[in-house]
Amino acid sequence: MRLTVLGGGGFRVPLVYRALLGDSGDPAGRCTEVVLYDTDRGRLETVAAVLARQAARHAEGPGGPAPAVRLATGLDDALRGADFVFSAIRVGGLAGRVRDERIPLAEGVLGQETVGAGGVLYGLRTLPVAVRIAERVAAVAPQAWVVNFTNPAGMVTEAMDRVLAGRGMPGRVIGICDSPVGLCRRAARAAGADPERADFDYVGLNHLGWLRRLTVDGRDLLPRLLADRAALESFEEGRLFGADWLRTLGALPNEYLHYYYFNRETVAALRDAGATRGEVVLEQQARFYPGAEAPGTEAPERVGDGPPDPYEVWERTRRAREETYMAESRAATGGWQRDACDLDGGGYDQVALALMRAISRNERTKLILDVPNGSAVPGLAPESVVEVPCLVDAGGARPLATGPVAPDQLGLMLTLKAVEEAAIEAAASGSRRAAVRALALHPLVDSVRVAERVLDAAGGPGG
């Protein structure tokens, strides 16, 4: 089985490869080749060096040898023959992310990669490239399943699905995010349950969802968890939102809803910080990419007297990245450190592996994914991409009916869908009106004039 990774020079690609190395399932459905494609050859070769070191460390087990790695020469070359295509691109690089964060902050509104004005700017820049990828998949790899990691994941997945569905490939793109599974697993542990035995009732959009029930053996453990302040505030979301607000909601929100419920505090923390998240990651990765290949890295890990071990340099940088994740939200809630179990990775890469196994081996499973709604969430259009539990097998992912959604939750979802649809229209047509609408309708942008100035500063469409 061949897996193609678009954005193959991305920092998190070794997590995907690590998951593939650990796949001990039926060898007949195991990935045997990974094809990497990236427009930045230097980053691509650096990541390839990390993967080579991972493969060298891999002790061959029941699953067989490490998947071979090949660097593609172009997009079509990467796509041909692929069974699965992981889209993990970052249009504009980290420098673009920094602009997406700094431009809104200069106007006093949230500057964040996927939420608020920054998320809209990122989407406007990314959507045309994502659509082009979907067109090439349909042309040269119609047998492939596309797994989208590219943010803003819901918006990008919906735009790609429109292309593929229009070419006779409905449902062939599935979006993945690690936030829901992280929330569900942390909540289960806090409730004293084994996450592997729990069933989760989760509903929302990407980076905008709520865990409404946590069931083990037919019993909902969420009410008991909400009533236990110590247990509730023992994990990340409990500390972010506080027991009182979670009890008021009667549900556990995705961590990204902190930007909505505590917007003023988070914006203040961001403006007081010395650097945005994008600037922090840019500085970390500026050391990593040359450091994985050259002896000049600070405190390098070496193999004997040779150059730094690329994998060890990557792992140390990854650990630092995880430790600083959502630091501004933690600062806005008093400042605290992430739990050790949340620093080890194993989020979206494990979901991706489970998805691939379910499809390639027809191993039926349930996963929280970003897929077209159909009739799963009442009140949303069938083509709207939602983030809900899905049944997955060889036929793909089918969203499960959620039942009625609370008015406050549905209201936010409808507003954000209007933002996403306007952004998709703007990216496709170049319409300034649609781009302004996408920004101005966002609940975290408090003025049409702010939306216009943000768009102008970003060099958005002017037609």
# chains A, B, ... in the order shown; residues from 1 in each chain; ligands from 1

call {"tool": "residues_around", "arguments": {"residues": "Gly411 in chain A", "least_positions_apart": "6", "cutoff": "10 Å", "atoms": "only C-alpha atoms", "output": "PyMOL selection string"}}
result
chain A and resi 379+405+417

call {"tool": "write_last_selection", "arguments": {"atoms": "N, CA and C atoms", "output": "compact mmCIF listing (two decimals), in the first residue's frame"}}
result
# COMPACT_ATOMS: atom_id res chain seq x y z
N GLY A 379 -30.20 20.91 11.13
CA GLY A 379 -30.02 22.35 11.00
C GLY A 379 -28.89 22.76 10.10
N VAL A 405 -29.19 19.53 18.61
CA VAL A 405 -28.03 20.25 19.11
C VAL A 405 -28.51 21.47 19.89
N LYS A 417 -20.25 28.31 9.71
CA LYS A 417 -20.43 27.76 8.37
C LYS A 417 -20.61 28.90 7.36

call {"tool": "residues_around", "arguments": {"residues": "range 128-135 of chain A", "least_positions_apart": "6", "cutoff": "7 Å", "atoms": "only C-alpha atoms", "output": "number ranges by chain"}}
result
A: 156, 159-160, 163-164, 427-428

call {"tool": "closest_residue", "arguments": {"among": "A:Asp178, A:Glu33, A:Asp272, A:Asp77", "to": "Asp370 in chain A", "atoms": "only C-alpha atoms"}}
result
A:Asp178

call {"tool": "closest_residue", "arguments": {"among": "A:Val377, A:Ala230, A:Leu79, A:Ile359", "to": "Gly242 in chain A", "atoms": "only C-alpha atoms"}}
result
A:Ala230

call {"tool": "select_by_dssp", "arguments": {"residues": "range 21-175 of chain A", "states": "alpha helix (DSSP H)", "output": "PyMOL selection string"}}
result
chain A and resi 21+41-57+75-79+93-106+116-140+153-166

call {"tool": "write_last_selection", "arguments": {"atoms": "C-alpha atoms", "output": "PDB file, in the first residue's frame"}}
result
ATOM      1  CA  LEU A  21       6.341   1.669  12.029  1.00  0.00           C
ATOM      2  CA  ARG A  41      13.428  20.608  -1.200  1.00  0.00           C
ATOM      3  CA  GLY A  42      15.636  21.471   1.764  1.00  0.00           C
ATOM      4  CA  ARG A  43      12.880  20.769   4.289  1.00  0.00           C
ATOM      5  CA  LEU A  44      11.967  17.605   2.407  1.00  0.00           C
ATOM      6  CA  GLU A  45      15.485  16.233   2.592  1.00  0.00           C
ATOM      7  CA  THR A  46      15.772  17.126   6.282  1.00  0.00           C
ATOM      8  CA  VAL A  47      12.610  15.213   7.125  1.00  0.00           C
ATOM      9  CA  ALA A  48      13.750  12.314   4.933  1.00  0.00           C
ATOM     10  CA  ALA A  49      16.923  12.139   7.061  1.00  0.00           C
ATOM     11  CA  VAL A  50      14.786  11.880  10.210  1.00  0.00           C
ATOM     12  CA  LEU A  51      12.694   9.110   8.651  1.00  0.00           C
ATOM     13  CA  ALA A  52      15.831   7.246   7.595  1.00  0.00           C
ATOM     14  CA  ARG A  53      17.036   7.301  11.183  1.00  0.00           C
ATOM     15  CA  GLN A  54      13.629   6.089  12.392  1.00  0.00           C
ATOM     16  CA  ALA A  55      13.763   3.213   9.896  1.00  0.00           C
ATOM     17  CA  ALA A  56      17.285   2.298  11.023  1.00  0.00           C
ATOM     18  CA  ARG A  57      16.071   2.106  14.632  1.00  0.00           C
ATOM     19  CA  LEU A  75       2.790  16.719  -7.646  1.00  0.00           C
ATOM     20  CA  ASP A  76       1.541  14.306 -10.309  1.00  0.00           C
ATOM     21  CA  ASP A  77       4.518  12.028  -9.720  1.00  0.00           C
ATOM     22  CA  ALA A  78       3.641  11.974  -6.017  1.00  0.00           C
ATOM     23  CA  LEU A  79      -0.024  11.201  -6.622  1.00  0.00           C
ATOM     24  CA  GLY A  93       5.008  28.796   5.306  1.00  0.00           C
ATOM     25  CA  LEU A  94       5.409  29.896   8.889  1.00  0.00           C
ATOM     26  CA  ALA A  95       6.114  33.455   7.742  1.00  0.00           C
ATOM     27  CA  GLY A  96       2.548  33.511   6.408  1.00  0.00           C
ATOM     28  CA  ARG A  97       1.270  32.210   9.720  1.00  0.00           C
ATOM     29  CA  VAL A  98       3.046  35.006  11.576  1.00  0.00           C
ATOM     30  CA  ARG A  99       1.332  37.571   9.345  1.00  0.00           C
ATOM     31  CA  ASP A 100      -2.041  35.889   9.920  1.00  0.00           C
ATOM     32  CA  GLU A 101      -1.492  36.339  13.651  1.00  0.00           C
ATOM     33  CA  ARG A 102       0.101  39.810  13.716  1.00  0.00           C
ATOM     34  CA  ILE A 103      -2.292  41.602  11.352  1.00  0.00           C
ATOM     35  CA  PRO A 104      -5.450  40.934  13.423  1.00  0.00           C
ATOM     36  CA  LEU A 105      -3.635  41.623  16.712  1.00  0.00           C
ATOM     37  CA  ALA A 106      -2.688  45.070  15.398  1.00  0.00           C
ATOM     38  CA  GLY A 116     -10.929  34.268  13.906  1.00  0.00           C
ATOM     39  CA  ALA A 117      -9.510  36.632  11.300  1.00  0.00           C
ATOM     40  CA  GLY A 118      -6.209  34.731  11.151  1.00  0.00           C
ATOM     41  CA  GLY A 119      -8.016  31.525  10.266  1.00  0.00           C
ATOM     42  CA  VAL A 120      -9.922  33.268   7.487  1.00  0.00           C
ATOM     43  CA  LEU A 121      -6.717  34.756   6.052  1.00  0.00           C
ATOM     44  CA  TYR A 122      -5.047  31.356   6.150  1.00  0.00           C
ATOM     45  CA  GLY A 123      -8.044  29.814   4.435  1.00  0.00           C
ATOM     46  CA  LEU A 124      -8.122  32.430   1.668  1.00  0.00           C
ATOM     47  CA  ARG A 125      -4.462  31.718   0.927  1.00  0.00           C
ATOM     48  CA  THR A 126      -4.734  27.929   1.190  1.00  0.00           C
ATOM     49  CA  LEU A 127      -8.023  27.099  -0.537  1.00  0.00           C
ATOM     50  CA  PRO A 128      -6.866  27.674  -4.153  1.00  0.00           C
ATOM     51  CA  VAL A 129      -3.925  25.307  -3.630  1.00  0.00           C
ATOM     52  CA  ALA A 130      -6.108  22.690  -1.914  1.00  0.00           C
ATOM     53  CA  VAL A 131      -8.606  22.846  -4.766  1.00  0.00           C
ATOM     54  CA  ARG A 132      -5.787  22.375  -7.286  1.00  0.00           C
ATOM     55  CA  ILE A 133      -4.614  19.299  -5.361  1.00  0.00           C
ATOM     56  CA  ALA A 134      -8.139  17.851  -5.424  1.00  0.00           C
ATOM     57  CA  GLU A 135      -8.293  18.409  -9.185  1.00  0.00           C
ATOM     58  CA  ARG A 136      -4.999  16.568  -9.718  1.00  0.00           C
ATOM     59  CA  VAL A 137      -6.092  13.702  -7.452  1.00  0.00           C
ATOM     60  CA  ALA A 138      -9.225  13.285  -9.555  1.00  0.00           C
ATOM     61  CA  ALA A 139      -7.147  13.346 -12.738  1.00  0.00           C
ATOM     62  CA  VAL A 140      -4.249  11.013 -11.866  1.00  0.00           C
ATOM     63  CA  ALA A 153      -9.319  21.665   8.293  1.00  0.00           C
ATOM     64  CA  GLY A 154     -13.115  21.902   8.009  1.00  0.00           C
ATOM     65  CA  MET A 155     -13.044  24.655   5.410  1.00  0.00           C
ATOM     66  CA  VAL A 156     -10.323  22.991   3.341  1.00  0.00           C
ATOM     67  CA  THR A 157     -11.985  19.566   3.519  1.00  0.00           C
ATOM     68  CA  GLU A 158     -15.280  21.045   2.327  1.00  0.00           C
ATOM     69  CA  ALA A 159     -13.653  22.811  -0.633  1.00  0.00           C
ATOM     70  CA  MET A 160     -11.800  19.643  -1.659  1.00  0.00           C
ATOM     71  CA  ASP A 161     -14.952  17.538  -1.278  1.00  0.00           C
ATOM     72  CA  ARG A 162     -16.843  19.841  -3.652  1.00  0.00           C
ATOM     73  CA  VAL A 163     -14.204  19.201  -6.316  1.00  0.00           C
ATOM     74  CA  LEU A 164     -14.000  15.449  -5.826  1.00  0.00           C
ATOM     75  CA  ALA A 165     -17.759  14.986  -5.542  1.00  0.00           C
ATOM     76  CA  GLY A 166     -18.162  16.912  -8.781  1.00  0.00           C
TER      77      GLY A 166
END

call {"tool": "closest_residue", "arguments": {"among": "A:Leu15, A:Leu252, A:Met169, A:Met413", "to": "Leu226 in chain A", "atoms": "only C-alpha atoms"}}
result
A:Leu252

call {"tool": "atom_distance", "arguments": {"atom1": "CA of Asp393 in chain A", "atom2": "CA of Gly204 in chain A"}}
result
22.2 Å

call {"tool": "closest_residue", "arguments": {"among": "A:Val445, A:Ala243, A:Ala434, A:Leu3", "to": "Gly111 in chain A", "atoms": "only C-alpha atoms"}}
result
A:Val445

call {"tool": "residues_around", "arguments": {"residues": "Val450 in chain A", "least_positions_apart": "6", "cutoff": "12 Å", "atoms": "only C-alpha atoms", "output": "list in words"}}
result
Ile103, Pro104, Leu105, Ala106, Glu107, Gly108, Val109, Leu110, Ala117, Val436, Arg437, Leu439, Ala440, Leu441, His442, Leu444, Asp456 and Ala457 of chain A

call {"tool": "residues_around", "arguments": {"residues": "Ser24 in chain A", "least_positions_apart": "2", "cutoff": "12 Å", "atoms": "only C-alpha atoms", "output": "PDB file with N, CA and C atoms, in the first residue's frame"}}
result
ATOM      1  N   ALA A  19       3.909   6.153  13.513  1.00  0.00           N
ATOM      2  CA  ALA A  19       2.681   5.362  13.604  1.00  0.00           C
ATOM      3  C   ALA A  19       2.720   4.193  12.627  1.00  0.00           C
ATOM      4  N   LEU A  20       3.228   4.426  11.426  1.00  0.00           N
ATOM      5  CA  LEU A  20       3.320   3.349  10.440  1.00  0.00           C
ATOM      6  C   LEU A  20       4.286   2.257  10.905  1.00  0.00           C
ATOM      7  N   LEU A  21       5.385   2.649  11.524  1.00  0.00           N
ATOM      8  CA  LEU A  21       6.341   1.669  12.029  1.00  0.00           C
ATOM      9  C   LEU A  21       5.724   0.803  13.121  1.00  0.00           C
ATOM     10  N   GLY A  22       4.788   1.380  13.875  1.00  0.00           N
ATOM     11  CA  GLY A  22       4.160   0.645  14.966  1.00  0.00           C
ATOM     12  C   GLY A  22       2.951  -0.168  14.563  1.00  0.00           C
ATOM     13  N   ASP A  26      -2.563  -6.734  10.114  1.00  0.00           N
ATOM     14  CA  ASP A  26      -2.448  -7.625   8.965  1.00  0.00           C
ATOM     15  C   ASP A  26      -1.468  -7.048   7.936  1.00  0.00           C
ATOM     16  N   PRO A  27      -0.374  -7.748   7.659  1.00  0.00           N
ATOM     17  CA  PRO A  27       0.614  -7.222   6.703  1.00  0.00           C
ATOM     18  C   PRO A  27       0.024  -6.920   5.339  1.00  0.00           C
ATOM     19  N   ALA A  28      -1.070  -7.606   4.996  1.00  0.00           N
ATOM     20  CA  ALA A  28      -1.668  -7.388   3.680  1.00  0.00           C
ATOM     21  C   ALA A  28      -2.206  -5.970   3.527  1.00  0.00           C
ATOM     22  N   GLY A  29      -2.542  -5.328   4.618  1.00  0.00           N
ATOM     23  CA  GLY A  29      -3.058  -3.969   4.546  1.00  0.00           C
ATOM     24  C   GLY A  29      -2.107  -2.942   5.103  1.00  0.00           C
ATOM     25  N   ARG A  30      -0.836  -3.296   5.217  1.00  0.00           N
ATOM     26  CA  ARG A  30       0.160  -2.408   5.819  1.00  0.00           C
ATOM     27  C   ARG A  30       0.795  -1.523   4.759  1.00  0.00           C
ATOM     28  N   CYS A  31       1.120  -0.303   5.157  1.00  0.00           N
ATOM     29  CA  CYS A  31       1.791   0.621   4.245  1.00  0.00           C
ATOM     30  C   CYS A  31       3.206   0.126   3.964  1.00  0.00           C
ATOM     31  N   ALA A  59      13.084  -2.194  14.707  1.00  0.00           N
ATOM     32  CA  ALA A  59      13.326  -3.636  14.739  1.00  0.00           C
ATOM     33  C   ALA A  59      12.165  -4.316  14.024  1.00  0.00           C
ATOM     34  N   GLU A  60      12.490  -5.037  12.968  1.00  0.00           N
ATOM     35  CA  GLU A  60      11.423  -5.654  12.179  1.00  0.00           C
ATOM     36  C   GLU A  60      10.613  -6.612  13.043  1.00  0.00           C
ATOM     37  N   GLY A  61       9.285  -6.416  13.031  1.00  0.00           N
ATOM     38  CA  GLY A  61       8.394  -7.251  13.815  1.00  0.00           C
ATOM     39  C   GLY A  61       7.392  -7.946  12.931  1.00  0.00           C
ATOM     40  N   PRO A  62       6.254  -8.342  13.520  1.00  0.00           N
ATOM     41  CA  PRO A  62       5.230  -9.064  12.759  1.00  0.00           C
ATOM     42  C   PRO A  62       4.721  -8.279  11.557  1.00  0.00           C
ATOM     43  N   GLY A  63       4.772  -6.942  11.665  1.00  0.00           N
ATOM     44  CA  GLY A  63       4.259  -6.127  10.563  1.00  0.00           C
ATOM     45  C   GLY A  63       5.194  -6.034   9.383  1.00  0.00           C
ATOM     46  N   GLY A  64       6.442  -6.473   9.544  1.00  0.00           N
ATOM     47  CA  GLY A  64       7.365  -6.431   8.428  1.00  0.00           C
ATOM     48  C   GLY A  64       8.327  -5.261   8.505  1.00  0.00           C
ATOM     49  N   PRO A  65       9.087  -5.025   7.459  1.00  0.00           N
ATOM     50  CA  PRO A  65      10.105  -3.971   7.459  1.00  0.00           C
ATOM     51  C   PRO A  65       9.501  -2.586   7.435  1.00  0.00           C
ATOM     52  N   ALA A  66      10.360  -1.596   7.689  1.00  0.00           N
ATOM     53  CA  ALA A  66       9.912  -0.200   7.648  1.00  0.00           C
ATOM     54  C   ALA A  66       9.476   0.149   6.231  1.00  0.00           C
ATOM     55  N   LEU A 353      -3.819   6.560  11.188  1.00  0.00           N
ATOM     56  CA  LEU A 353      -3.507   5.140  11.032  1.00  0.00           C
ATOM     57  C   LEU A 353      -4.763   4.289  11.196  1.00  0.00           C
ATOM     58  N   ALA A 354      -5.591   4.622  12.208  1.00  0.00           N
ATOM     59  CA  ALA A 354      -6.832   3.879  12.416  1.00  0.00           C
ATOM     60  C   ALA A 354      -7.759   4.023  11.221  1.00  0.00           C
ATOM     61  N   ARG A 357      -6.394   1.867   8.320  1.00  0.00           N
ATOM     62  CA  ARG A 357      -6.616   0.444   8.576  1.00  0.00           C
ATOM     63  C   ARG A 357      -8.084   0.078   8.358  1.00  0.00           C
TER      64      ARG A 357
END

call {"tool": "closest_residue", "arguments": {"among": "A:Gly374, A:Gly209, A:Gly250, A:Pro443", "to": "Pro223 in chain A", "atoms": "only C-alpha atoms"}}
result
A:Gly250
